[in-house]
Structures are given as C-alpha cells and as structure tokens.
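File shown: target14.cif. Contents: mmCIF, C-alpha atoms.
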data_entry
loop_
_atom_site.label_atom_id
_atom_site.label_comp_id
_atom_site.auth_asym_id
_atom_site.auth_seq_id
_atom_site.Cartn_x
_atom_site.Cartn_y
_atom_site.Cartn_z
CA MET A 13 0.00 0.00 0.00
CA SER A 14 1.28 3.44 -0.92
CA ASN A 15 1.51 6.33 1.50
CA TYR A 16 1.55 8.88 -1.29
CA THR A 17 -0.62 11.84 -0.33
CA GLY A 18 0.50 14.44 -2.85
CA ALA A 19 -1.44 15.84 -5.75
CA ALA A 20 -2.00 13.63 -8.77
CA PRO A 21 0.77 14.20 -11.31
CA ASP A 22 0.07 15.53 -14.76
CA THR A 23 -0.26 12.28 -16.69
CA GLU A 24 -0.93 13.71 -20.16
CA PRO A 25 1.95 12.68 -22.41
CA ALA A 26 3.99 15.57 -23.75
CA GLY A 27 2.58 16.86 -27.00
CA GLN A 28 -0.77 15.08 -26.56
CA TRP A 29 -2.50 18.39 -27.26
CA LEU A 30 -1.19 18.23 -30.83
CA LYS A 31 -3.92 15.70 -31.64
CA SER A 32 -6.46 18.52 -31.29
CA ALA A 33 -4.54 21.12 -33.30
CA ALA A 34 -6.32 22.78 -36.22
CA CYS A 35 -3.16 22.33 -38.30
CA LEU A 36 -3.04 18.55 -37.80
CA GLY A 37 -2.42 16.96 -41.18
CA ARG A 38 -1.70 20.25 -42.94
CA GLU A 39 1.39 20.65 -45.05
CA ASP A 40 4.28 22.42 -43.30
CA ASP A 41 4.62 24.83 -46.21
CA MET A 42 1.22 26.25 -45.29
CA PHE A 43 2.95 27.98 -42.38
CA PRO A 44 5.85 29.98 -43.87
CA ASP A 45 6.80 33.27 -42.27
CA ASN A 46 8.10 35.20 -45.24
CA HIS A 47 5.11 35.58 -47.59
CA ALA A 48 2.26 37.83 -46.39
CA PRO A 49 -0.69 36.03 -48.06
CA ASP A 50 0.51 32.69 -46.67
CA ILE A 51 0.97 34.21 -43.23
CA GLU A 52 -2.65 35.36 -43.26
CA THR A 53 -3.83 31.92 -44.38
CA ALA A 54 -1.90 30.33 -41.53
CA ARG A 55 -3.28 32.85 -39.03
CA ARG A 56 -6.84 32.13 -40.16
CA ASN A 57 -6.12 28.47 -39.48
CA CYS A 58 -4.63 29.23 -36.05
CA ALA A 59 -7.32 31.67 -34.89
CA PRO A 60 -10.05 29.12 -34.03
CA CYS A 61 -7.62 26.42 -32.93
CA PRO A 62 -8.66 24.87 -29.59
CA VAL A 63 -5.06 24.35 -28.51
CA SER A 64 -3.49 27.68 -29.49
CA ARG A 65 -2.51 28.39 -25.86
CA GLN A 66 -0.61 25.12 -25.60
CA CYS A 67 1.01 25.81 -28.97
CA LEU A 68 2.15 29.25 -27.84
CA ALA A 69 3.36 27.92 -24.48
CA GLU A 70 5.47 25.28 -26.21
CA ALA A 71 6.83 27.83 -28.68
CA MET A 72 7.80 30.16 -25.80
CA ALA A 73 9.46 27.30 -23.91
CA GLU A 74 11.58 26.53 -26.97
CA GLU A 75 12.25 30.12 -28.04
CA GLY A 76 15.19 30.89 -25.75
CA GLY A 77 17.40 28.30 -27.39
CA ARG A 78 16.51 29.17 -30.97
CA THR A 79 18.68 30.98 -33.46
CA ALA A 80 17.16 33.27 -36.08
CA LYS A 81 17.32 30.41 -38.61
CA GLY A 82 15.55 28.11 -36.14
CA ARG A 83 12.47 30.35 -36.01
CA TYR A 84 10.72 29.28 -39.15
CA GLY A 85 7.00 29.26 -39.72
CA ILE A 86 3.85 30.34 -37.96
CA ARG A 87 3.10 28.99 -34.50
CA ALA A 88 0.03 30.05 -32.56
CA GLY A 89 -0.52 32.70 -35.21
CA LEU A 90 2.87 34.36 -34.71
CA THR A 91 5.85 34.59 -37.04
CA GLY A 92 9.33 33.72 -35.81
CA GLY A 93 10.19 37.38 -35.27
CA GLN A 94 6.98 37.99 -33.36
CA ARG A 95 7.62 34.96 -31.14
CA ARG A 96 11.13 36.22 -30.38
CA ALA A 97 9.83 39.71 -29.53
CA LEU A 98 7.18 38.21 -27.23
CA TYR A 99 9.77 35.95 -25.59
CA ASP A 100 12.09 38.90 -24.98
CA ALA A 101 9.25 41.02 -23.56
CA LEU A 102 8.13 38.22 -21.22
CA ARG A 103 11.72 37.61 -20.09
CA LYS A 104 12.20 41.34 -19.34
CA LYS A 105 8.91 41.45 -17.43
CA LYS A 106 9.91 38.40 -15.36
CA THR A 107 13.35 39.87 -14.62
CA ALA A 108 11.79 43.18 -13.56
CA ALA A 109 9.35 41.39 -11.26
CA GLN A 110 12.16 39.35 -9.70
CA THR A 111 14.26 42.49 -9.18
CA LYS A 112 11.32 44.28 -7.56
CA ALA A 113 10.58 41.30 -5.30
CA ALA A 114 14.22 41.12 -4.20
CA ALA A 115 14.32 44.82 -3.30
#

Using structure tokens, write down the structure from this file.
Amino acid sequence: MSNYTGAAPDTEPAGQWLKSAACLGREDDMFPDNHAPDIETARRNCAPCPVSRQCLAEAMAEEGGRTAKGRYGIRAGLTGGQRRALYDALRKKKTAAQTKAAA
C-alpha cells in the first residue's frame, strides 16, 4: 500500500495536445513566415484552434534556445520574429518582477 498523499501528477503525455490542433495533417509549407498572403492563411487556421494556448506555451518554452534560422513558420498565429519579440518582452517582465521582489 502506498503512503503517497501528494497531488496527482500531470499524466498527459507531452505533445498530446497536438492531436487537437487545427493544423493537424496540414502541409508544413502552409505555415511559412516570409510571404504575407501565406501568413494570413496560416493565421486564419490558427485563430479558431482549440489548442493555441498550448502551442504558444510550447513555442515560448523553446524560443530561448533558438537561433534566427531556427524560427521558421507560424506557431500560434505568430511569425518567428513575433515569437522572439514576445519571448524577450516576457523575459524582461519576469526579470523586472524578480528584481522588484528582491528589493
């Protein structure tokens, strides 16, 4: 018998949310980030997606280790440059909050 009394762990396998993504089964070239009409097509696909929050969270988790060449395509409706700008803004906000809390 187990004496475990903690909260139930998150048992959803990593990436399980992808099965509900609006882009599931779409061609990767539908999501380029260098051609305006294609960007808008990709964004229209992303807009109603039921898992766009998970997509953005995963993109943000990966963003810090990406180079400019590693930021290809649209994810959660954002281009690579937009994801990097959001990542930088969130990092600055977190650093400012930590600095304020330490003061």

Subject >> Between atom CA of Ala80 of chain A and atom CA of Ala109 of chain A - distance in Å to one decimal >> reply: 27.3 Å

Find the residues of segment 68-94 of chain A that sit at most 7 Å from segment 39-62 of chain A; for each, write down the nearest two atoms and how far apart they are in Å, to one decimal. Count all atoms listed in the file. Sort by chain, then by number going up, and give it as CSV.
residue,atom,partner,partner_atom,distance
A:Tyr84,CA,A:Asp45,CA,6.4
A:Gly85,CA,A:Pro44,CA,4.4
A:Ile86,CA,A:Phe43,CA,5.1
A:Ala88,CA,A:Cys58,CA,5.9
A:Gly89,CA,A:Arg55,CA,4.7
A:Thr91,CA,A:Asp45,CA,5.5
A:Gly92,CA,A:Asp45,CA,7.0

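From atom CA of Ala33 of chain A back to atom CA of Ser64 of chain A, the distance works out to 7.7 Å.
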
Subject >> Residue with smallest distance to Gln66 of chain A - pool A:Ala101, A:Leu36, A:Leu30, A:Leu90, counting only C-alpha atoms >> reply: A:Leu30

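The two atoms in question, atom CA of Leu98 of chain A and atom CA of Lys81 of chain A, are spaced 17.1 Å apart.
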
Subject >> Counting all atoms listed in the file, the residue of A:Arg87, A:Arg65, A:Arg95, A:Arg78 that sits nearest Trp29 of chain A >> reply: A:Arg65

Enclose segment 90-100 of chain A, meaning all of its atoms listed in the file, in a box aligned along x, y and z, pad it by 4 Å on each side, and list the centre and edge lengths in Å to one decimal, as AutoDock Vina command-line options.
--center_x 7.5 --center_y 36.7 --center_z -31.0 --size_x 17.2 --size_y 14.0 --size_z 20.1
